[in-house]
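Working notes for the structure below.
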Amino acid sequence: MTRKTILAVALVTMASAPAFAEVDLSGSWQSINHEDALERGAGPNPDDWAGLPFNDSGRAKALSFSQSIISMPERTCWFQTQWHIAAGPFSLRMWAVPDPITGKVLAWMVGAWETRAPMTIWMDGRPHPSKNAPHDQTGFTTGVWNGNELIATTTHLKTGYIRRNGAASSDQATITTHFRRHGDLLTLTLIMDDPVYLTEPYILTRSYNLSTNPVAIGGPPCIVGDEGVESGRVPHYLPGKNPFLDEMTKRYGIPSDAAMGGAETMYPEYREKIKASFKRPEKCTINCG
Amino acid sequence: MKKLSLFVLAVLTAHGSAFAQARGRGGAPAPPQTAKAAAPIDLTGYWVSVVTEDWRYRMVTPAKGDYQGVPMTPEARKIADAWDPTKEEASGDLCKSYGAPSILRVPGRLHITWQDDQTLRVDTDAGKQTRTFHFGAWQPTAGAPHTIQGDSIAAWEGGGRGATDGTMKVTTTNLKAGFLRKNGVPYSENTTVTEYYELITMPDGTPLLVATISTSDPTYLRQPFVISSQFKKESSDAKWHPTECSATW
């Protein structure tokens, strides 16, 4: 047996063995927006923070939020961190970037949309930068495979939002994203840990269908424009002045305490607490689907 | 050359070893593993739902006509528009929103156990429902009546390479018609539910059960209704609180 033949036998044998972990995530993944349809589409109701594990600081910051703040040139592109994958309605385009020397996957990319920067998931084992390194909307993301599950960890984010009505994440937040493929169905589980504004991790799961319609690799960039907010003015509400506190009660009969969020609103026993005060409206009048 | 031959021998031996394990020593087929023994992940235990999504459709009963997100057919909309909570309550059929397509959306706790080596059992405290997931060659009885939880066939997918990367796929048919949401959004008895159950380890080490639920109904849905629910593991039954089905709460 020649040296070449021996090598060929070995290579064929190795190639026929089961692949060690990993699954191909590349392609266009169409977002399925059946859950949280309003929150991800038109946007959540103002002051609807039910199911958010706020601490007092998180709630206070959200209550001070005025949607007009994004008319400020310096804040127009402020909110879209990588959490926008969970909070927004958009589809995903994913592809692998090979190392030009070894051919191994250097990074997985999740394409950008509009104001969310692309997510580069570094797969080469590089460490996260120093905690004092600059933070931005993109953050810094590394990934590891757990069998067929890709786990991505994102740090170095600027302050962003976790719900598009002023619920904020801080620059100390970490997002862990689990990518799980089931044939043509992709499920993402996103976990936000934020010691500044949350008392518990905030968990969202999202689903996508593999699509032959190509999803754009990158959306148009966020462009700052003059929307007429005079220089130096920061739209906000002072404590006790937020005008939307009874919005969820008026629209859906949900007690305002529940709409203020907090970890207890995530768990089943909270239903007993609001059973007596909840008043179901006779008919849906707005955002009914 | 000697080193190369040793390398090839090692590769072939390792590869052959895998075959041997699959076929059994001496060439005799190994007895098939039971589903319980083959489980790549351990789903058993008590789990509590974490309601961070669709809150106002799950934690309270939404108003009549509030159907956001559900790809309903016009026929389904007509039926839902006729929903009358008082009549539902009076009918005595209170568990319509606790069927297989919707039970994992009901805030509550799951108790998952192995009923036997081939059957995984899921009990819920909300609505006191029981689902049984049958592995292997199990087939539903032909002509059997449709039920709230239907007949579920389960299979393991993947797993064995990562710590928690296996998936349980469950396909459920033979369902009695019911509601996807408590405010009368219907599903028919032609519905098929496909679910994927997986475990995730949260950064603090807490196990998280994630179920992706795809409901197909040629009668009342324009496309599969796909949602996902998550549950945190609990260490005991201390918060297990069985409650009856309700048509209005």
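Chains: A, B, ... in order of the structure tokens. Residues: from 1 per chain. Ligands: from 1, in order shown.
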Q: May I ask you to extract the residues of chain A within 6 Å of chain B, using only C-alpha atoms, and to give them as a PyMOL selection string?
A: chain A and resi 10+34-37+51+146-149+266-268+280-281+283-284+288-289
Export, as a PDB file, in the first residue's frame, the selected residues with C-alpha atoms.
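And here is the file that came out, result22.pdb:
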ATOM      1  CA  ALA A  10      -7.580   7.491   6.465  1.00  0.00           C
ATOM      2  CA  HIS A  34     -46.777  35.579  16.003  1.00  0.00           C
ATOM      3  CA  GLU A  35     -45.845  36.333  19.588  1.00  0.00           C
ATOM      4  CA  ASP A  36     -45.338  39.869  20.872  1.00  0.00           C
ATOM      5  CA  ALA A  37     -46.664  40.973  17.488  1.00  0.00           C
ATOM      6  CA  GLY A  51     -43.311  40.734  32.471  1.00  0.00           C
ATOM      7  CA  ASN A 146     -22.478  23.104  22.558  1.00  0.00           C
ATOM      8  CA  GLY A 147     -23.119  20.211  20.198  1.00  0.00           C
ATOM      9  CA  ASN A 148     -25.639  21.559  17.704  1.00  0.00           C
ATOM     10  CA  GLU A 149     -26.313  24.683  19.720  1.00  0.00           C
ATOM     11  CA  MET A 266     -43.287  37.055  35.152  1.00  0.00           C
ATOM     12  CA  TYR A 267     -44.584  34.178  37.249  1.00  0.00           C
ATOM     13  CA  PRO A 268     -47.959  32.378  37.415  1.00  0.00           C
ATOM     14  CA  ARG A 280     -61.666  42.690  30.932  1.00  0.00           C
ATOM     15  CA  PRO A 281     -62.965  45.223  28.409  1.00  0.00           C
ATOM     16  CA  LYS A 283     -64.362  44.465  23.187  1.00  0.00           C
ATOM     17  CA  CYS A 284     -60.916  45.190  21.814  1.00  0.00           C
ATOM     18  CA  CYS A 288     -56.599  44.117  17.752  1.00  0.00           C
ATOM     19  CA  GLY A 289     -54.887  42.279  14.919  1.00  0.00           C
TER      20      GLY A 289
END
Q: Please provide the set of residues having any atom within 6 Å of range 96-112 of chain A, restricted to only C-alpha atoms, with same-chain residues fewer than 2 positions apart removed, written as a ChimeraX atom specification.
A: /A:93-94,116-124,217-219
Q | Residue neighbourhood Leu245 in chain A, 8 Å, only C-alpha atoms, exclusion window fewer than 3 positions, as a list of chain:residue names | A |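 So, after excluding close chain neighbours, the residues are A:Asp47, A:Asn242, A:Met248, A:Ser256.
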Take the residues from that selection and put them in a file with N, CA and C atoms, as a PDB file, in the first residue's frame.
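Once written, again.pdb looks like this:
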ATOM      1  N   ASP A  47     -45.659  52.610  28.516  1.00  0.00           N
ATOM      2  CA  ASP A  47     -45.770  52.193  29.915  1.00  0.00           C
ATOM      3  C   ASP A  47     -46.321  50.779  30.079  1.00  0.00           C
ATOM      4  N   ASN A 242     -45.361  61.364  34.163  1.00  0.00           N
ATOM      5  CA  ASN A 242     -45.579  60.548  32.966  1.00  0.00           C
ATOM      6  C   ASN A 242     -47.092  60.438  32.704  1.00  0.00           C
ATOM      7  N   MET A 248     -52.584  51.167  30.072  1.00  0.00           N
ATOM      8  CA  MET A 248     -52.882  49.727  30.010  1.00  0.00           C
ATOM      9  C   MET A 248     -54.216  49.402  30.695  1.00  0.00           C
ATOM     10  N   SER A 256     -52.567  49.053  36.769  1.00  0.00           N
ATOM     11  CA  SER A 256     -51.344  49.795  36.462  1.00  0.00           C
ATOM     12  C   SER A 256     -50.135  49.223  37.212  1.00  0.00           C
TER      13      SER A 256
END
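Looking only at range 27-238 of chain B, the set that DSSP places in alpha helix (DSSP H) from backbone geometry is Ala35, Lys36, Ala37, Ala38, Trp55, Arg56, Tyr57, Arg58, Pro74, Glu75, Ala76, Arg77, Lys78, Ile79, Ala80, Asp81, Pro85, Thr86, Lys87, Glu88, Glu89, Ala90 and Ser91 of chain B.
Taking only C-alpha atoms, the non-local environment of Ile70 in chain A within 10 Å (same-chain residues fewer than 2 positions away omitted) comprises Ser66, Gln67, Ser68, Met72, Pro73, Glu74, Arg75, Thr76, Cys77, Trp78, Phe79, Val224, Glu227, Val229, Val234 and Pro235 of chain A.
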Q: Check the DSSP output for the backbone and give back, as a PyMOL selection string, the residues of range 58-235 of chain B in strand (DSSP E).
A: chain B and resi 109-116+119-124+130-134+151-157+167-173+178-181+185-187+192-201+207-216+225-234
Q | Long-range neighbours of Thr147 in chain B as a list in words, 7 Å cut-off, only C-alpha atoms, 4 positions minimum in chain | A |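 With the cut-off at 7 Å, the set is Asn174, Leu175 and Lys176 of chain B.
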